[in-house]
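**Q** data_24.txt (compact mmCIF, C-alpha atoms (C1' of nucleotides)) pasted underneath:
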```txt
# COMPACT_ATOMS: atom_id res chain seq x y z
CA MET U 1 -60.69 124.35 101.97
CA PRO U 2 -58.69 126.86 100.02
CA GLU U 3 -58.30 126.09 96.34
CA LYS U 4 -56.83 128.28 93.62
CA PRO U 5 -59.45 131.09 93.80
CA GLU U 6 -59.19 131.32 97.58
CA VAL U 7 -55.38 131.30 97.39
CA ILE U 8 -55.46 134.13 94.84
CA THR U 9 -57.88 136.09 97.04
CA VAL U 10 -55.56 135.70 100.03
CA ALA U 11 -52.50 136.65 97.96
CA LYS U 12 -54.19 139.82 96.73
CA THR U 13 -55.06 140.85 100.29
CA LEU U 14 -51.52 140.11 101.45
CA GLU U 15 -50.25 142.30 98.64
CA ARG U 16 -52.32 145.20 99.94
CA HIS U 17 -51.15 144.78 103.52
CA ILE U 18 -47.50 143.68 103.53
CA LEU U 19 -45.89 144.39 100.16
CA GLY U 20 -42.68 146.36 100.66
CA LYS U 21 -42.54 145.74 104.40
CA THR U 22 -39.39 144.51 106.17
CA ILE U 23 -39.59 141.43 108.39
CA GLU U 24 -38.28 142.11 111.88
CA LYS U 25 -38.66 138.58 113.24
CA VAL U 26 -40.79 135.45 113.11
CA ASP U 27 -42.17 133.57 116.09
CA ILE U 28 -43.23 129.96 115.60
CA TYR U 29 -45.67 128.30 118.02
CA TRP U 30 -46.10 124.99 116.17
CA ASP U 31 -42.79 123.71 114.86
CA ASN U 32 -44.21 121.26 112.30
CA ILE U 33 -45.60 124.14 110.24
CA ILE U 34 -42.07 124.94 109.07
CA GLU U 35 -41.39 122.28 106.48
CA TYR U 36 -38.04 123.61 105.26
CA PRO U 37 -35.37 124.54 106.32
CA SER U 38 -34.82 123.87 110.04
CA LEU U 39 -36.68 126.05 112.49
CA SER U 40 -33.58 127.95 113.59
CA GLU U 41 -32.37 128.52 110.02
CA PHE U 42 -35.84 129.64 108.95
CA LYS U 43 -36.01 132.26 111.70
CA LYS U 44 -32.45 133.42 111.12
CA ARG U 45 -32.67 133.67 107.32
CA ILE U 46 -36.03 135.38 107.07
CA SER U 47 -35.20 138.28 109.41
CA ARG U 48 -34.55 141.66 107.77
CA GLN U 49 -35.84 140.51 104.39
CA ILE U 50 -38.24 142.71 102.43
CA ILE U 51 -41.48 141.44 100.82
CA LYS U 52 -40.82 142.20 97.15
CA LYS U 53 -43.65 140.44 95.36
CA ILE U 54 -46.60 138.15 96.13
CA SER U 55 -48.01 135.63 93.69
CA THR U 56 -49.40 132.09 93.58
CA ARG U 57 -48.37 128.80 92.03
CA GLY U 58 -50.99 126.07 92.26
CA LYS U 59 -52.32 126.31 95.82
CA TRP U 60 -49.07 127.79 97.13
CA ILE U 61 -48.73 131.45 98.03
CA VAL U 62 -45.32 132.60 96.78
CA MET U 63 -43.69 135.60 98.47
CA GLU U 64 -40.55 136.87 96.86
CA LEU U 65 -38.25 138.25 99.55
CA SER U 66 -34.93 140.06 99.23
CA ASN U 67 -32.88 136.86 99.20
CA ASP U 68 -35.34 133.95 99.33
CA TYR U 69 -38.82 132.82 98.40
CA LEU U 70 -41.32 132.16 101.17
CA LEU U 71 -43.86 129.52 100.13
CA VAL U 72 -47.04 129.11 102.17
CA HIS U 73 -49.66 126.38 101.74
CA LEU U 74 -52.95 127.03 103.53
CA ARG U 75 -54.00 123.37 103.28
CA MET U 76 -57.40 122.92 104.91
CA GLU U 77 -58.00 125.91 107.13
CA GLY U 78 -54.97 128.18 107.03
CA LYS U 79 -55.67 131.91 106.98
CA PHE U 80 -53.89 135.17 107.73
CA PHE U 81 -54.80 137.91 110.17
CA TYR U 82 -53.23 141.34 110.61
CA ARG U 83 -52.60 142.47 114.17
CA GLY U 84 -50.55 144.88 116.26
CA ILE U 85 -47.70 143.74 118.50
CA ASN U 86 -49.78 144.34 121.63
CA ASP U 87 -52.76 142.24 120.49
CA SER U 88 -53.12 138.94 122.32
CA ARG U 89 -52.34 135.80 120.37
CA GLY U 90 -55.18 133.47 119.49
CA LYS U 91 -55.10 129.79 120.32
CA HIS U 92 -54.66 128.76 116.69
CA GLU U 93 -52.19 131.44 115.57
CA HIS U 94 -49.09 129.33 114.99
CA VAL U 95 -46.81 131.71 113.08
CA VAL U 96 -46.40 135.40 113.87
CA ILE U 97 -44.38 137.54 111.47
CA THR U 98 -43.51 140.94 112.93
CA PHE U 99 -42.61 143.76 110.56
CA THR U 100 -40.36 146.69 111.41
CA ASP U 101 -43.35 149.06 111.42
CA GLY U 102 -45.05 147.09 114.20
CA LEU U 103 -47.63 145.28 112.08
CA GLN U 104 -47.93 141.55 112.63
CA LEU U 105 -49.02 138.98 110.08
CA ARG U 106 -50.39 135.97 111.90
CA PHE U 107 -51.00 132.54 110.41
CA HIS U 108 -54.09 130.95 111.90
CA ASP U 109 -54.69 127.25 111.31
CA THR U 110 -56.98 125.26 113.57
CA ARG U 111 -55.93 121.92 112.16
CA LYS U 112 -52.21 122.66 111.90
CA PHE U 113 -52.05 121.36 108.33
CA GLY U 114 -50.57 124.51 106.79
CA LYS U 115 -46.96 124.54 105.62
CA PHE U 116 -44.21 127.17 105.28
CA ARG U 117 -41.06 126.71 103.20
CA LEU U 118 -38.19 129.14 102.74
CA MET U 119 -36.41 128.43 99.45
CA ASN U 120 -33.36 130.09 97.98
CA LYS U 121 -33.69 131.93 94.69
CA GLU U 122 -31.70 129.41 92.68
CA GLU U 123 -33.89 126.41 93.41
CA TRP U 124 -37.26 127.64 94.66
CA ASN U 125 -39.16 126.47 91.57
CA LYS U 126 -36.70 123.79 90.43
CA VAL U 127 -37.24 121.41 93.36
CA PRO U 128 -40.40 120.03 94.99
CA PRO U 129 -42.99 121.09 95.74
CA LEU U 130 -43.26 123.65 92.92
CA SER U 131 -41.30 121.60 90.40
CA LEU U 132 -43.91 118.84 90.67
CA LEU U 133 -46.87 121.04 89.79
CA GLY U 134 -48.63 120.82 86.45
CA TYR U 135 -49.82 123.76 84.38
CA GLU U 136 -51.89 126.55 85.87
CA TYR U 137 -55.53 126.43 84.77
CA ASN U 138 -55.03 129.45 82.48
CA ASP U 139 -51.65 128.42 81.03
CA LYS U 140 -51.68 128.42 77.23
CA ASN U 141 -49.82 125.11 77.32
CA LEU U 142 -52.81 123.47 78.97
CA THR U 143 -54.33 121.95 75.83
CA LYS U 144 -56.74 119.10 75.24
CA GLU U 145 -53.86 117.05 73.80
CA TYR U 146 -51.79 117.57 76.94
CA LEU U 147 -54.68 116.58 79.20
CA TYR U 148 -55.58 113.58 77.05
CA GLN U 149 -52.00 112.31 77.27
CA ALA U 150 -51.94 112.88 81.02
CA LEU U 151 -55.17 110.93 81.51
CA LYS U 152 -54.66 108.06 79.13
CA SER U 153 -52.49 105.98 81.47
CA ARG U 154 -54.65 106.60 84.52
CA LYS U 155 -57.38 104.13 85.43
CA LEU U 156 -58.51 106.01 88.53
CA PRO U 157 -61.79 107.95 88.47
CA ILE U 158 -61.52 111.28 86.63
CA LYS U 159 -62.58 113.00 89.85
CA THR U 160 -59.49 111.65 91.63
CA VAL U 161 -57.10 112.36 88.75
CA LEU U 162 -58.19 115.99 88.41
CA LEU U 163 -57.14 116.48 92.02
CA ASP U 164 -53.62 115.42 91.05
CA GLN U 165 -51.69 118.71 91.18
CA SER U 166 -49.06 117.41 88.76
CA ILE U 167 -51.60 117.58 85.92
CA ILE U 168 -53.48 120.84 86.54
CA ALA U 169 -52.33 122.82 89.58
CA GLY U 170 -54.97 124.42 91.76
CA ILE U 171 -58.09 122.26 91.41
CA GLY U 172 -59.51 121.07 94.74
CA ASN U 173 -62.49 119.05 95.80
CA ILE U 174 -65.17 121.74 95.46
CA TYR U 175 -64.30 122.99 91.98
CA ASP U 176 -63.58 119.45 90.79
CA ASP U 177 -67.26 118.61 91.35
CA GLU U 178 -68.38 121.78 89.58
CA ILE U 179 -66.08 121.25 86.59
CA LEU U 180 -67.25 117.67 86.09
CA PHE U 181 -70.89 118.73 86.37
CA LEU U 182 -70.48 121.39 83.69
CA SER U 183 -68.56 118.89 81.55
CA HIS U 184 -71.37 116.33 81.89
CA LEU U 185 -68.88 113.71 83.08
CA SER U 186 -69.44 111.19 85.83
CA PRO U 187 -66.86 111.58 88.61
CA LEU U 188 -66.59 107.78 88.58
CA MET U 189 -65.54 107.55 84.95
CA SER U 190 -62.04 106.14 84.49
CA ALA U 191 -59.65 108.93 83.50
CA ASN U 192 -58.37 106.91 80.56
CA LYS U 193 -61.90 106.78 79.13
CA VAL U 194 -62.21 110.57 78.85
CA SER U 195 -62.30 111.59 75.18
CA LEU U 196 -60.24 114.31 73.52
CA ASP U 197 -63.36 116.46 73.17
CA SER U 198 -64.19 115.99 76.84
CA CYS U 199 -60.65 117.05 77.72
CA GLN U 200 -61.36 120.34 75.97
CA GLU U 201 -64.62 120.66 77.88
CA ILE U 202 -62.81 120.04 81.15
CA ILE U 203 -60.25 122.75 80.31
CA ASP U 204 -62.93 125.23 79.22
CA ASN U 205 -65.04 124.60 82.30
CA THR U 206 -62.04 124.76 84.62
CA LYS U 207 -61.31 128.26 83.30
CA LYS U 208 -64.97 129.22 83.54
CA VAL U 209 -65.40 127.98 87.12
CA LEU U 210 -62.10 129.26 88.50
CA ASP U 211 -62.36 132.67 86.79
CA SER U 212 -65.88 133.14 88.18
CA ALA U 213 -64.79 132.06 91.64
CA ILE U 214 -61.79 134.40 91.58
CA ALA U 215 -64.03 137.29 90.53
CA LEU U 216 -66.29 136.57 93.50
CA GLY U 217 -63.47 136.22 96.03
CA GLY U 218 -63.55 132.43 96.24
CA THR U 219 -65.89 130.13 98.11
CA THR U 220 -66.71 130.32 101.79
CA ILE U 221 -67.86 127.02 103.20
CA ARG U 222 -67.76 125.41 106.62
CA SER U 223 -64.01 125.44 107.08
CA TYR U 224 -62.76 128.38 105.08
CA THR U 225 -62.82 132.14 105.18
CA SER U 226 -60.10 134.30 103.71
CA ASP U 227 -57.99 136.64 105.77
CA GLU U 228 -59.69 139.21 107.99
CA GLY U 229 -62.73 136.93 107.98
CA VAL U 230 -63.65 138.10 104.48
CA HIS U 231 -66.23 135.80 102.92
CA GLY U 232 -66.14 134.77 99.28
CA LYS U 233 -69.39 134.74 97.36
CA PHE U 234 -68.89 131.85 94.97
CA GLN U 235 -70.69 129.39 97.26
CA GLN U 236 -73.89 131.01 96.03
CA MET U 237 -72.93 129.93 92.51
CA LEU U 238 -72.16 126.30 93.33
CA LEU U 239 -74.30 123.96 91.27
CA VAL U 240 -73.71 120.58 92.87
CA HIS U 241 -71.04 120.69 95.59
CA GLY U 242 -72.66 120.52 99.01
CA LYS U 243 -76.11 120.13 97.45
CA GLU U 244 -76.89 116.59 98.55
CA ASN U 245 -80.61 115.76 98.16
CA GLU U 246 -81.25 119.09 96.44
CA LEU U 247 -82.52 119.25 92.87
CA CYS U 248 -80.17 119.41 89.91
CA PRO U 249 -80.41 122.94 88.43
CA VAL U 250 -80.45 121.44 84.93
CA CYS U 251 -82.67 118.34 84.98
CA GLY U 252 -84.34 118.46 88.39
CA ASN U 253 -83.00 115.08 89.40
CA THR U 254 -81.77 114.66 92.98
CA ILE U 255 -78.08 115.38 93.52
CA ILE U 256 -76.37 112.57 95.34
CA LYS U 257 -73.28 112.38 97.49
CA ILE U 258 -70.82 109.53 97.18
CA LYS U 259 -67.21 108.87 98.11
CA VAL U 260 -64.65 108.89 95.33
CA GLY U 261 -61.06 108.29 96.34
CA GLY U 262 -62.06 109.07 99.90
CA ARG U 263 -63.41 112.50 98.96
CA GLY U 264 -66.98 113.61 99.39
CA THR U 265 -68.34 113.92 95.85
CA TYR U 266 -71.60 115.49 94.70
CA TYR U 267 -73.07 114.83 91.28
CA CYS U 268 -76.20 114.40 89.21
CA LYS U 269 -76.52 110.85 88.00
CA LYS U 270 -78.73 111.93 85.10
CA CYS U 271 -76.62 114.80 83.75
CA GLN U 272 -73.22 113.28 84.39
CA LYS U 273 -72.55 110.07 82.55
CA ASP U 274 -69.63 108.07 81.25
CA LYS U 275 -69.17 109.33 77.71
CA ILE U 276 -68.19 105.89 76.44
CA ASN U 277 -70.08 103.37 74.37
CA SER U 278 -70.93 99.80 75.30
CA LYS U 279 -67.49 98.67 74.10
CA GLY U 280 -65.78 101.09 76.44
CA GLU U 281 -64.61 103.27 73.56
CA ARG U 282 -64.37 107.02 74.05
CA LEU U 283 -67.15 108.91 72.30
CA LYS U 284 -66.34 111.98 70.25
C1' DG B 1 -45.27 104.02 86.86
C1' DT B 2 -49.47 103.37 89.22
C1' DG B 3 -52.65 102.84 92.94
C1' DA B 4 -53.98 101.95 97.77
C1' DC B 5 -53.42 103.23 102.23
C1' DC B 6 -51.97 105.96 106.05
C1' DA B 7 -50.49 109.99 108.89
C1' DC B 8 -50.92 114.58 109.88
C1' DC B 9 -54.63 117.41 112.92
C1' DT B 10 -58.87 119.48 115.40
C1' DG B 11 -63.68 121.03 115.57
C1' DG B 12 -68.20 119.68 114.76
C1' DC B 13 -71.61 116.39 114.80
C1' DC B 14 -74.02 112.30 116.17
C1' DG B 15 -75.43 108.43 119.00
C1' DC B 16 -75.52 106.51 123.40
C1' DT T 1 -74.15 116.55 130.23
C1' DG T 2 -70.32 113.96 128.92
C1' DC T 3 -68.03 110.70 126.30
C1' DG T 4 -66.38 108.12 122.26
C1' DG T 5 -66.29 107.61 117.45
C1' DC T 6 -66.57 109.34 112.96
C1' DC T 7 -66.01 112.78 109.36
C1' DA T 8 -63.97 116.55 106.81
C1' DG T 9 -59.71 116.70 103.35
C1' DG T 10 -54.59 118.32 100.64
C1' DT T 11 -50.43 116.43 100.53
C1' DG T 12 -46.50 113.42 101.01
C1' DG T 13 -44.62 109.06 102.29
C1' DT T 14 -44.60 104.06 102.12
C1' DC T 15 -45.57 99.79 100.21
C1' DA T 16 -47.31 96.38 96.84
```
Go through the file and emit its structure as structure tokens.
**A**
Amino acid sequence: MPEKPEVITVAKTLERHILGKTIEKVDIYWDNIIEYPSLSEFKKRISRQIIKKISTRGKWIVMELSNDYLLVHLRMEGKFFYRGINDSRGKHEHVVITFTDGLQLRFHDTRKFGKFRLMNKEEWNKVPPLSLLGYEYNDKNLTKEYLYQALKSRKLPIKTVLLDQSIIAGIGNIYDDEILFLSHLSPLMSANKVSLDSCQEIIDNTKKVLDSAIALGGTTIRSYTSDEGVHGKFQQMLLVHGKENELCPVCGNTIIKIKVGGRGTYYCKKCQKDKINSKGERLK
DNA sequence: GTGACCACCTGGCCGC
DNA sequence: TGCGGCCAGGTGGTCA
């Protein structure tokens, strides 16, 4: 599933292919993909707009157009393909954007979870979903004090809370496991038991993991490849995620898989422990 | 404010 | 071989 590194990889590829192009029209083959505004308004408003800039915010791809912002969330399996107007449409290509030069950008999503939103320039980042997002992983405002405050009222497992996009935007299930492994924290540990020092470790390891993944083009696992079928290479660097019954690269213990908050979670019981004492106090 | 649960979806896998 | 059931999981909505 695309997380921040995969979203950045896709955005960079989009930049190479469609930056500066003018949208001729958009054809929608699965109405629910358009989250906002109405289908007819979406089609009407987006026509003739130019792609000015492409960036990301959390797991959203943000395309600045002439008059609006087009937000795209890939969710589980969304990906883009580039085709010509005469190429036949695939079964799972639900949105086809045709540019004036004849190129088509097609949104492929087998599970139909992806979302498109067209927001005006006054409110695009002042209303949900973007207004609800927390800091980016590399934002200078993401400090251990901020994270500590965000976690202190949460009793849910740290694994679950790190997936909350209103705290740190962009962390998904795969990198969550990796970050907690590098931070030596059990995914089951209550978020409000995470110490200030561990908050710093989480921040440092989030940067380390996401920067490495971005450099390698993201992670390609069962359900995700980036556009054009390009495969990321970070899956070769994964330490615990997807490694059930394999040996921990640090201690040699067997990596186990459990469910935390309904998510498949991989961790090493020996390396990852609750950093709290017998009284439940946070250790320095 | 917080947490639990559910819906959205389809392909792959497994057991029968 | 075919069928049914389960699993995968990011996000938003509802309810307690």
**Q** Find the residues in chain T near chain U: any atom within 9 Å counts, using only C-alpha atoms (C1' of nucleotides). Write them as a short mmCIF file (atom, residue, chain, number, x, y, z; two decimals) with C-alpha atoms (C1' of nucleotides), keeping the file's coordinate frame.
**A**
```
data_model
loop_
_atom_site.label_atom_id
_atom_site.label_comp_id
_atom_site.auth_asym_id
_atom_site.auth_seq_id
_atom_site.Cartn_x
_atom_site.Cartn_y
_atom_site.Cartn_z
"C1'" DA T 8 -63.97 116.55 106.81
"C1'" DG T 9 -59.71 116.70 103.35
"C1'" DG T 10 -54.59 118.32 100.64
"C1'" DT T 11 -50.43 116.43 100.53
#
```
**Q** Mind pulling up the distance from atom CA of U:Ile51 to atom CA of U:Glu15?
**A**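 Spanning atom CA of U:Glu15 to atom CA of U:Ile51 is a straight-line distance of 9.1 Å.
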**Q** Given only C-alpha atoms (C1' of nucleotides), how would the per-residue table for chain B near chain U read, listing every residue at most 9 Å away with its closest atom pair and distance in Å to one decimal, sorted by chain and number, as JSON lines?
**A**
```
{"residue": "B:DT2", "atom": "C1'", "partner": "U:Arg154", "partner_atom": "CA", "distance": 7.7}
{"residue": "B:DG3", "atom": "C1'", "partner": "U:Leu156", "partner_atom": "CA", "distance": 8.0}
{"residue": "B:DC8", "atom": "C1'", "partner": "U:Phe113", "partner_atom": "CA", "distance": 7.0}
{"residue": "B:DC9", "atom": "C1'", "partner": "U:Arg111", "partner_atom": "CA", "distance": 4.8}
{"residue": "B:DT10", "atom": "C1'", "partner": "U:Arg111", "partner_atom": "CA", "distance": 5.0}
{"residue": "B:DG11", "atom": "C1'", "partner": "U:Thr110", "partner_atom": "CA", "distance": 8.2}
```
**Q** To one decimal place, how far is atom CA of U:Gly242 from atom CA of U:Ile202 in Å?
**A**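 Calculated distance between atom CA of U:Gly242 and atom CA of U:Ile202 is 20.4 Å.
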**Q** Need to verify the contact set: U:Lys43, 8 Å, only C-alpha atoms (C1' of nucleotides), exclusion of same-chain residues closer than 2 positions in sequence. Can you return it as a VMD selection string?
**A** chain U and resid 25 to 27 39 to 41 45 to 47
**Q** Please, what is the axis-aligned box for every listed atom of stretch 203-217 of chain U with 3 Å on each side, as centre and edge lengths in Å to one decimal, as JSON?
**A**
```
{"center_x": -63.3, "center_y": 130.0, "center_z": 87.6, "size_x": 12.0, "size_y": 20.5, "size_z": 22.8}
```
**Q** To one decimal place in Å, what is the distance between atom CA of U:Thr56 and atom CA of U:Lys44?
**A** 24.4 Å
**Q** Take the point (-46.6, 147.1, 108.1) in the file's coordinates, draw a sphere of radius 7 Å around it, and report as number ranges by chain every protein, DNA or RNA residue with an atom inside or on it, counting only C-alpha atoms (C1' of nucleotides).
**A** U: 17-18, 21, 99, 101-103
**Q** Mind dumping chain B from that block, keeping C-alpha atoms (C1' of nucleotides), as a PDB file, in the first residue's frame?
**A**
```pdb
ATOM      1  C1'  DG B   1     -11.952  13.707  23.423  1.00  0.00           C
ATOM      2  C1'  DT B   2     -11.212   8.938  22.876  1.00  0.00           C
ATOM      3  C1'  DG B   3     -11.779   4.322  21.243  1.00  0.00           C
ATOM      4  C1'  DA B   4     -14.286   0.513  18.983  1.00  0.00           C
ATOM      5  C1'  DC B   5     -16.452  -0.908  15.088  1.00  0.00           C
ATOM      6  C1'  DC B   6     -17.941  -0.843  10.412  1.00  0.00           C
ATOM      7  C1'  DA B   7     -18.151   0.162   5.364  1.00  0.00           C
ATOM      8  C1'  DC B   8     -15.864   0.743   1.288  1.00  0.00           C
ATOM      9  C1'  DC B   9     -13.818  -2.898  -2.402  1.00  0.00           C
ATOM     10  C1'  DT B  10     -11.568  -6.909  -5.088  1.00  0.00           C
ATOM     11  C1'  DG B  11      -7.958 -10.367  -5.853  1.00  0.00           C
ATOM     12  C1'  DG B  12      -5.600 -13.995  -3.805  1.00  0.00           C
ATOM     13  C1'  DC B  13      -5.493 -17.785  -0.957  1.00  0.00           C
ATOM     14  C1'  DC B  14      -7.194 -21.691   1.550  1.00  0.00           C
ATOM     15  C1'  DG B  15     -10.200 -25.470   2.835  1.00  0.00           C
ATOM     16  C1'  DC B  16     -13.767 -28.385   1.487  1.00  0.00           C
TER      17       DC B  16
END
```
